[in-house]
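File shown: structure12.cif (mmCIF, C-alpha atoms).
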```cif
data_model
loop_
_atom_site.group_PDB
_atom_site.id
_atom_site.type_symbol
_atom_site.label_atom_id
_atom_site.label_comp_id
_atom_site.auth_asym_id
_atom_site.auth_seq_id
_atom_site.Cartn_x
_atom_site.Cartn_y
_atom_site.Cartn_z
ATOM 1 C CA MET A 15 76.812 106.102 -49.031
ATOM 2 C CA ASN A 16 75.435 108.764 -51.364
ATOM 3 C CA GLN A 17 72.007 109.979 -50.206
ATOM 4 C CA LEU A 18 71.102 111.350 -53.639
ATOM 5 C CA LEU A 19 71.957 108.022 -55.282
ATOM 6 C CA VAL A 20 69.970 106.137 -52.646
ATOM 7 C CA GLY A 21 67.033 108.505 -53.181
ATOM 8 C CA LYS A 22 67.059 108.004 -56.939
ATOM 9 C CA PHE A 23 67.207 104.234 -56.402
ATOM 10 C CA ILE A 24 64.173 104.345 -54.081
ATOM 11 C CA THR A 25 62.300 106.394 -56.694
ATOM 12 C CA GLN A 26 63.251 103.960 -59.454
ATOM 13 C CA LYS A 27 62.183 100.888 -57.474
ATOM 14 C CA ARG A 28 58.946 102.524 -56.302
ATOM 15 C CA LYS A 29 58.010 103.417 -59.876
ATOM 16 C CA GLU A 30 58.896 99.920 -61.105
ATOM 17 C CA LYS A 31 56.316 98.616 -58.639
ATOM 18 C CA ASN A 32 53.802 101.243 -59.900
ATOM 19 C CA LEU A 33 53.442 102.774 -56.434
ATOM 20 C CA THR A 34 52.864 106.403 -55.597
ATOM 21 C CA GLN A 35 54.763 107.956 -52.706
ATOM 22 C CA GLU A 36 51.546 107.903 -50.711
ATOM 23 C CA GLN A 37 50.925 104.190 -51.376
ATOM 24 C CA LEU A 38 54.470 103.234 -50.387
ATOM 25 C CA ALA A 39 54.255 105.440 -47.300
ATOM 26 C CA GLU A 40 51.023 103.757 -46.239
ATOM 27 C CA LYS A 41 52.528 100.286 -46.658
ATOM 28 C CA ILE A 42 55.513 100.999 -44.408
ATOM 29 C CA GLY A 43 53.819 103.334 -41.930
ATOM 30 C CA VAL A 44 55.404 106.709 -42.705
ATOM 31 C CA SER A 45 54.136 109.890 -44.359
ATOM 32 C CA ASN A 46 54.399 110.606 -48.068
ATOM 33 C CA LYS A 47 56.520 113.648 -47.129
ATOM 34 C CA THR A 48 59.021 111.257 -45.552
ATOM 35 C CA ILE A 49 59.197 109.254 -48.789
ATOM 36 C CA SER A 50 59.737 112.514 -50.674
ATOM 37 C CA LYS A 51 62.628 113.469 -48.371
ATOM 38 C CA TRP A 52 64.261 110.084 -48.976
ATOM 39 C CA GLU A 53 63.822 110.320 -52.733
ATOM 40 C CA THR A 54 65.277 113.823 -52.920
ATOM 41 C CA GLY A 55 68.260 112.799 -50.796
ATOM 42 C CA LYS A 56 67.408 115.137 -47.921
ATOM 43 C CA CYS A 57 67.545 112.291 -45.410
ATOM 44 C CA MET A 58 67.891 108.524 -45.152
ATOM 45 C CA PRO A 59 65.250 106.031 -44.055
ATOM 46 C CA ASP A 60 65.044 105.435 -40.327
ATOM 47 C CA TYR A 61 66.521 102.150 -39.167
ATOM 48 C CA SER A 62 63.121 101.150 -37.745
ATOM 49 C CA VAL A 63 61.482 101.064 -41.213
ATOM 50 C CA ILE A 64 64.412 100.311 -43.490
ATOM 51 C CA GLU A 65 63.839 96.562 -43.604
ATOM 52 C CA LEU A 66 60.141 97.060 -44.365
ATOM 53 C CA LEU A 67 61.071 99.487 -47.151
ATOM 54 C CA CYS A 68 63.451 96.965 -48.685
ATOM 55 C CA GLU A 69 60.812 94.263 -48.454
ATOM 56 C CA GLU A 70 58.228 96.442 -50.214
ATOM 57 C CA LEU A 71 60.672 97.397 -52.982
ATOM 58 C CA ASN A 72 62.061 93.826 -53.295
ATOM 59 C CA ILE A 73 65.630 94.944 -52.693
ATOM 60 C CA THR A 74 68.314 94.078 -50.165
ATOM 61 C CA LEU A 75 69.685 96.450 -47.566
ATOM 62 C CA ALA A 76 73.021 96.383 -49.364
ATOM 63 C CA GLU A 77 71.355 97.423 -52.617
ATOM 64 C CA LEU A 78 69.587 100.273 -50.840
ATOM 65 C CA MET A 79 72.804 101.511 -49.208
ATOM 66 C CA ASN A 80 74.674 101.328 -52.512
ATOM 67 C CA GLY A 81 71.842 102.920 -54.468
ATOM 68 C CA GLU A 82 72.118 100.218 -57.128
ATOM 69 C CA GLU A 83 71.324 96.567 -57.707
ATOM 70 C CA ASP A 84 73.797 93.932 -56.480
ATOM 71 C CA GLU A 85 75.107 92.848 -59.863
ATOM 72 C CA LYS A 86 76.265 96.426 -60.514
ATOM 73 C CA SER A 87 77.728 96.925 -57.057
ATOM 74 C CA ILE A 88 81.269 96.495 -55.849
ATOM 75 C CA HIS A 89 80.282 96.882 -52.157
ATOM 76 C CA THR A 90 79.069 94.156 -49.827
ATOM 77 C CA TYR A 91 77.336 94.725 -46.504
ATOM 78 C CA ASP A 92 75.776 92.546 -43.848
ATOM 79 C CA ASN A 93 72.132 93.497 -43.148
ATOM 80 C CA GLU A 94 72.678 93.579 -39.386
ATOM 81 C CA GLN A 95 75.703 95.841 -39.809
ATOM 82 C CA ILE A 96 73.711 98.275 -41.920
ATOM 83 C CA VAL A 97 70.811 98.481 -39.463
ATOM 84 C CA GLU A 98 73.225 98.866 -36.538
ATOM 85 C CA MET A 99 75.150 101.593 -38.377
ATOM 86 C CA LEU A 100 71.965 103.545 -39.115
ATOM 87 C CA LYS A 101 70.857 103.170 -35.511
ATOM 88 C CA GLU A 102 74.190 104.543 -34.255
ATOM 89 C CA ILE A 103 74.095 107.493 -36.654
ATOM 90 C CA GLN A 104 70.598 108.374 -35.503
ATOM 91 C CA ASN A 105 71.598 108.081 -31.839
ATOM 92 C CA LEU A 106 74.574 110.406 -32.413
ATOM 93 C CA LYS A 107 72.342 113.005 -34.051
ATOM 94 C CA THR A 108 69.945 112.822 -31.114
ATOM 95 C CA LYS A 109 72.739 113.121 -28.534
ATOM 96 C CA LYS A 110 74.012 116.182 -30.378
ATOM 97 C CA LYS A 111 70.631 117.823 -29.794
ATOM 98 C CA LEU A 112 70.903 116.996 -26.092
ATOM 99 C CA ILE A 113 74.308 118.660 -25.833
ATOM 100 C CA ILE A 114 73.143 121.743 -27.740
ATOM 101 C CA GLY A 115 70.095 121.928 -25.449
ATOM 102 C CA PHE A 116 72.277 121.969 -22.332
ATOM 103 C CA ILE A 117 74.582 124.585 -23.848
ATOM 104 C CA LEU A 118 71.610 126.808 -24.676
ATOM 105 C CA LEU A 119 70.265 126.508 -21.130
ATOM 106 C CA VAL A 120 73.637 127.451 -19.649
ATOM 107 C CA MET A 121 74.054 130.350 -22.073
ATOM 108 C CA GLY A 122 70.536 131.511 -21.235
ATOM 109 C CA GLY A 123 71.407 131.541 -17.546
ATOM 110 C CA VAL A 124 74.611 133.484 -18.127
ATOM 111 C CA MET A 125 72.852 136.006 -20.368
ATOM 112 C CA MET A 126 70.089 136.459 -17.798
ATOM 113 C CA ALA A 127 72.656 137.124 -15.069
ATOM 114 C CA LEU A 128 74.495 139.609 -17.299
ATOM 115 C CA SER A 129 71.265 141.391 -18.169
ATOM 116 C CA GLN A 130 70.615 141.945 -14.453
ATOM 117 C CA ILE A 131 74.101 143.379 -13.924
ATOM 118 C CA CYS A 132 73.850 145.872 -16.791
ATOM 119 C CA GLY A 133 71.725 148.925 -16.374
ATOM 120 C CA GLY A 134 71.816 152.584 -15.486
ATOM 121 C CA THR A 135 71.911 154.617 -18.687
ATOM 122 C CA ASP A 136 69.416 154.335 -21.530
ATOM 123 C CA ILE A 137 71.886 152.406 -23.692
ATOM 124 C CA GLN A 138 72.744 150.013 -20.869
ATOM 125 C CA ASP A 139 69.046 149.476 -20.140
ATOM 126 C CA PHE A 140 68.450 148.752 -23.833
ATOM 127 C CA LEU A 141 71.332 146.252 -23.934
ATOM 128 C CA SER A 142 70.071 144.673 -20.724
ATOM 129 C CA GLY A 143 66.637 144.179 -22.318
ATOM 130 C CA VAL A 144 68.161 142.669 -25.461
ATOM 131 C CA MET A 145 70.228 140.251 -23.368
ATOM 132 C CA LEU A 146 67.148 139.307 -21.332
ATOM 133 C CA GLY A 147 65.217 138.600 -24.534
ATOM 134 C CA LEU A 148 68.071 136.507 -25.906
ATOM 135 C CA SER A 149 68.365 134.584 -22.663
ATOM 136 C CA ILE A 150 64.654 133.722 -22.717
ATOM 137 C CA GLY A 151 65.000 132.567 -26.331
ATOM 138 C CA GLU A 152 67.993 130.413 -25.431
ATOM 139 C CA PHE A 153 66.151 128.913 -22.468
ATOM 140 C CA LEU A 154 63.157 128.038 -24.653
ATOM 141 C CA ALA A 155 65.295 126.547 -27.430
ATOM 142 C CA GLY A 156 67.306 124.529 -24.899
ATOM 143 C CA PHE A 157 64.148 123.338 -23.165
ATOM 144 C CA PHE A 158 62.552 122.204 -26.439
ATOM 145 C CA LEU A 159 65.703 120.377 -27.548
ATOM 146 C CA LEU A 160 65.859 118.552 -24.215
ATOM 147 C CA ALA A 161 62.142 117.739 -24.408
ATOM 148 C CA TYR A 162 62.669 116.405 -27.945
ATOM 149 C CA TYR A 163 65.546 114.247 -26.742
ATOM 150 C CA LEU A 164 63.510 112.807 -23.869
ATOM 151 C CA ALA A 165 60.507 112.140 -26.113
ATOM 152 C CA TYR A 166 62.754 110.462 -28.703
ATOM 153 C CA LYS A 167 64.497 108.397 -26.045
ATOM 154 C CA ASN A 168 61.153 107.209 -24.590
ATOM 155 C CA LYS A 169 59.780 106.454 -28.065
ATOM 156 C CA ARG A 170 62.739 104.181 -28.874
ATOM 157 C CA LYS A 171 62.340 102.067 -25.715
#
```
Could you spell out this file's structure in structure tokens?
Amino acid sequence: MNQLLVGKFITQKRKEKNLTQEQLAEKIGVSNKTISKWETGKCMPDYSVIELLCEELNITLAELMNGEEDEKSIHTYDNEQIVEMLKEIQNLKTKKKLIIGFILLVMGGVMMALSQICGGTDIQDFLSGVMLGLSIGEFLAGFFLLAYYLAYKNKRK
């Protein structure tokens, strides 16, 4: 699956239907920036809107995944398989954020403990302050990643 090819195909089909990015976005309930990201190959459509997108562009899921019309394609896919695959990919990306969040929280705790141990001379006090600042940053980043994961998880239910 080539994201750039898929993006060009979305652009082609949108223009064939004489739709602007904003009009297509409105029809399927996303932002025009999201359509732009798809068309430039920066990301793929979310599994929750992919069928609506295909319906609006009068294409099949297989055509979208291939980035070309069926008669040109050598690949065949089942629509349910495609949606399930996209769902799994998205879930893996979200779980990765959860793991990184936990790692950042643990690292923040370790750095905070180390910053309390260091001290004495001016250089050690400076290093202690730097480690404390880093630990706070790691805690905040970890907290926000975990909050994102929980919000995403609740949104999908």
Query raised in the report: In Å, with one decimal, what is the gap from atom CA of A:Ile49 to atom CA of A:Ile73?
Result: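 Between atom CA of A:Ile49 and atom CA of A:Ile73 the gap is 16.2 Å.
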Query raised in the report: Could you pull the residues within 12 Å of A:Glu98, counting only C-alpha atoms, minus those fewer than 2 positions along the same chain, as a list in words?
Result: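 Returned residues: Asp60, Tyr61, Ser62, Ile64, Glu65, Leu75, Tyr91, Asp92, Asn93, Glu94, Gln95, Ile96, Leu100, Lys101, Glu102, Ile103, Gln104 and Asn105 of chain A.
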Query - Atomic separation - atom CA of A:Phe153 relative to atom CA of A:Leu118, Å - result: 6.3 Å
Query raised in the report: What residues come out when you apply the PyMOL selection byres ((chain A and resi 163) around 8) to this file, written as a ChimeraX atom specification?
Result: /A:108-109,111-112,159-162,164-167
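Omitting A:Ile131 and its sequence neighbours fewer than 2 positions away, and counting all atoms listed in the file, the residues within 12 Å are Val124, Met125, Met126, Ala127, Leu128, Ser129, Gly133, Gly134, Gln138, Asp139, Leu141, Ser142, Gly143, Met145 and Leu146 of chain A.
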Can you take the partial stretch 141-152 of chain A, add all heavy atoms, and return it as a PDB file, keeping the file's coordinate frame?
```pdb
ATOM      1  N   LEU A 141      70.522 147.464 -23.802  1.00  0.00           N
ATOM      2  CA  LEU A 141      71.332 146.252 -23.934  1.00  0.00           C
ATOM      3  C   LEU A 141      70.901 145.186 -22.932  1.00  0.00           C
ATOM      4  O   LEU A 141      70.870 143.987 -23.252  1.00  0.00           O
ATOM      5  CB  LEU A 141      72.814 146.578 -23.774  1.00  0.00           C
ATOM      6  CG  LEU A 141      73.445 147.395 -24.897  1.00  0.00           C
ATOM      7  CD1 LEU A 141      74.884 147.754 -24.545  1.00  0.00           C
ATOM      8  CD2 LEU A 141      73.384 146.639 -26.208  1.00  0.00           C
ATOM      9  N   SER A 142      70.553 145.599 -21.743  1.00  0.00           N
ATOM     10  CA  SER A 142      70.071 144.673 -20.724  1.00  0.00           C
ATOM     11  C   SER A 142      68.786 143.984 -21.192  1.00  0.00           C
ATOM     12  O   SER A 142      68.614 142.780 -21.032  1.00  0.00           O
ATOM     13  CB  SER A 142      69.823 145.420 -19.419  1.00  0.00           C
ATOM     14  OG  SER A 142      69.259 144.572 -18.457  1.00  0.00           O
ATOM     15  N   GLY A 143      67.890 144.743 -21.793  1.00  0.00           N
ATOM     16  CA  GLY A 143      66.637 144.179 -22.318  1.00  0.00           C
ATOM     17  C   GLY A 143      66.882 143.201 -23.462  1.00  0.00           C
ATOM     18  O   GLY A 143      66.248 142.150 -23.553  1.00  0.00           O
ATOM     19  N   VAL A 144      67.814 143.563 -24.347  1.00  0.00           N
ATOM     20  CA  VAL A 144      68.161 142.669 -25.461  1.00  0.00           C
ATOM     21  C   VAL A 144      68.724 141.355 -24.923  1.00  0.00           C
ATOM     22  O   VAL A 144      68.348 140.265 -25.361  1.00  0.00           O
ATOM     23  CB  VAL A 144      69.162 143.351 -26.427  1.00  0.00           C
ATOM     24  CG1 VAL A 144      69.726 142.356 -27.423  1.00  0.00           C
ATOM     25  CG2 VAL A 144      68.481 144.507 -27.156  1.00  0.00           C
ATOM     26  N   MET A 145      69.639 141.459 -23.938  1.00  0.00           N
ATOM     27  CA  MET A 145      70.228 140.251 -23.368  1.00  0.00           C
ATOM     28  C   MET A 145      69.171 139.403 -22.660  1.00  0.00           C
ATOM     29  O   MET A 145      69.197 138.177 -22.738  1.00  0.00           O
ATOM     30  CB  MET A 145      71.362 140.605 -22.402  1.00  0.00           C
ATOM     31  CG  MET A 145      72.605 141.088 -23.125  1.00  0.00           C
ATOM     32  SD  MET A 145      74.098 141.206 -22.123  1.00  0.00           S
ATOM     33  CE  MET A 145      73.608 142.165 -20.744  1.00  0.00           C
ATOM     34  N   LEU A 146      68.222 140.047 -21.990  1.00  0.00           N
ATOM     35  CA  LEU A 146      67.148 139.307 -21.332  1.00  0.00           C
ATOM     36  C   LEU A 146      66.302 138.569 -22.368  1.00  0.00           C
ATOM     37  O   LEU A 146      65.966 137.401 -22.181  1.00  0.00           O
ATOM     38  CB  LEU A 146      66.288 140.257 -20.496  1.00  0.00           C
ATOM     39  CG  LEU A 146      65.151 139.609 -19.713  1.00  0.00           C
ATOM     40  CD1 LEU A 146      65.702 138.612 -18.706  1.00  0.00           C
ATOM     41  CD2 LEU A 146      64.309 140.667 -19.010  1.00  0.00           C
ATOM     42  N   GLY A 147      65.982 139.252 -23.457  1.00  0.00           N
ATOM     43  CA  GLY A 147      65.217 138.600 -24.534  1.00  0.00           C
ATOM     44  C   GLY A 147      65.961 137.417 -25.130  1.00  0.00           C
ATOM     45  O   GLY A 147      65.384 136.349 -25.365  1.00  0.00           O
ATOM     46  N   LEU A 148      67.255 137.600 -25.367  1.00  0.00           N
ATOM     47  CA  LEU A 148      68.071 136.507 -25.906  1.00  0.00           C
ATOM     48  C   LEU A 148      68.143 135.333 -24.929  1.00  0.00           C
ATOM     49  O   LEU A 148      68.076 134.170 -25.327  1.00  0.00           O
ATOM     50  CB  LEU A 148      69.478 137.002 -26.241  1.00  0.00           C
ATOM     51  CG  LEU A 148      69.612 137.891 -27.465  1.00  0.00           C
ATOM     52  CD1 LEU A 148      71.032 138.447 -27.562  1.00  0.00           C
ATOM     53  CD2 LEU A 148      69.255 137.135 -28.724  1.00  0.00           C
ATOM     54  N   SER A 149      68.261 135.656 -23.658  1.00  0.00           N
ATOM     55  CA  SER A 149      68.365 134.584 -22.663  1.00  0.00           C
ATOM     56  C   SER A 149      67.072 133.774 -22.605  1.00  0.00           C
ATOM     57  O   SER A 149      67.102 132.551 -22.497  1.00  0.00           O
ATOM     58  CB  SER A 149      68.710 135.134 -21.282  1.00  0.00           C
ATOM     59  OG  SER A 149      67.656 135.884 -20.737  1.00  0.00           O
ATOM     60  N   ILE A 150      65.943 134.431 -22.711  1.00  0.00           N
ATOM     61  CA  ILE A 150      64.654 133.722 -22.717  1.00  0.00           C
ATOM     62  C   ILE A 150      64.561 132.831 -23.959  1.00  0.00           C
ATOM     63  O   ILE A 150      64.133 131.681 -23.884  1.00  0.00           O
ATOM     64  CB  ILE A 150      63.477 134.716 -22.632  1.00  0.00           C
ATOM     65  CG1 ILE A 150      63.459 135.364 -21.250  1.00  0.00           C
ATOM     66  CG2 ILE A 150      62.152 134.024 -22.923  1.00  0.00           C
ATOM     67  CD1 ILE A 150      62.507 136.528 -21.103  1.00  0.00           C
ATOM     68  N   GLY A 151      64.992 133.365 -25.099  1.00  0.00           N
ATOM     69  CA  GLY A 151      65.000 132.567 -26.331  1.00  0.00           C
ATOM     70  C   GLY A 151      65.895 131.350 -26.206  1.00  0.00           C
ATOM     71  O   GLY A 151      65.544 130.248 -26.637  1.00  0.00           O
ATOM     72  N   GLU A 152      67.067 131.532 -25.610  1.00  0.00           N
ATOM     73  CA  GLU A 152      67.993 130.413 -25.431  1.00  0.00           C
ATOM     74  C   GLU A 152      67.416 129.379 -24.472  1.00  0.00           C
ATOM     75  O   GLU A 152      67.529 128.173 -24.702  1.00  0.00           O
ATOM     76  CB  GLU A 152      69.342 130.914 -24.914  1.00  0.00           C
ATOM     77  CG  GLU A 152      70.129 131.664 -25.956  1.00  0.00           C
ATOM     78  CD  GLU A 152      71.359 132.358 -25.406  1.00  0.00           C
ATOM     79  OE1 GLU A 152      71.468 132.537 -24.167  1.00  0.00           O
ATOM     80  OE2 GLU A 152      72.225 132.723 -26.218  1.00  0.00           O
TER      81      GLU A 152
END
```
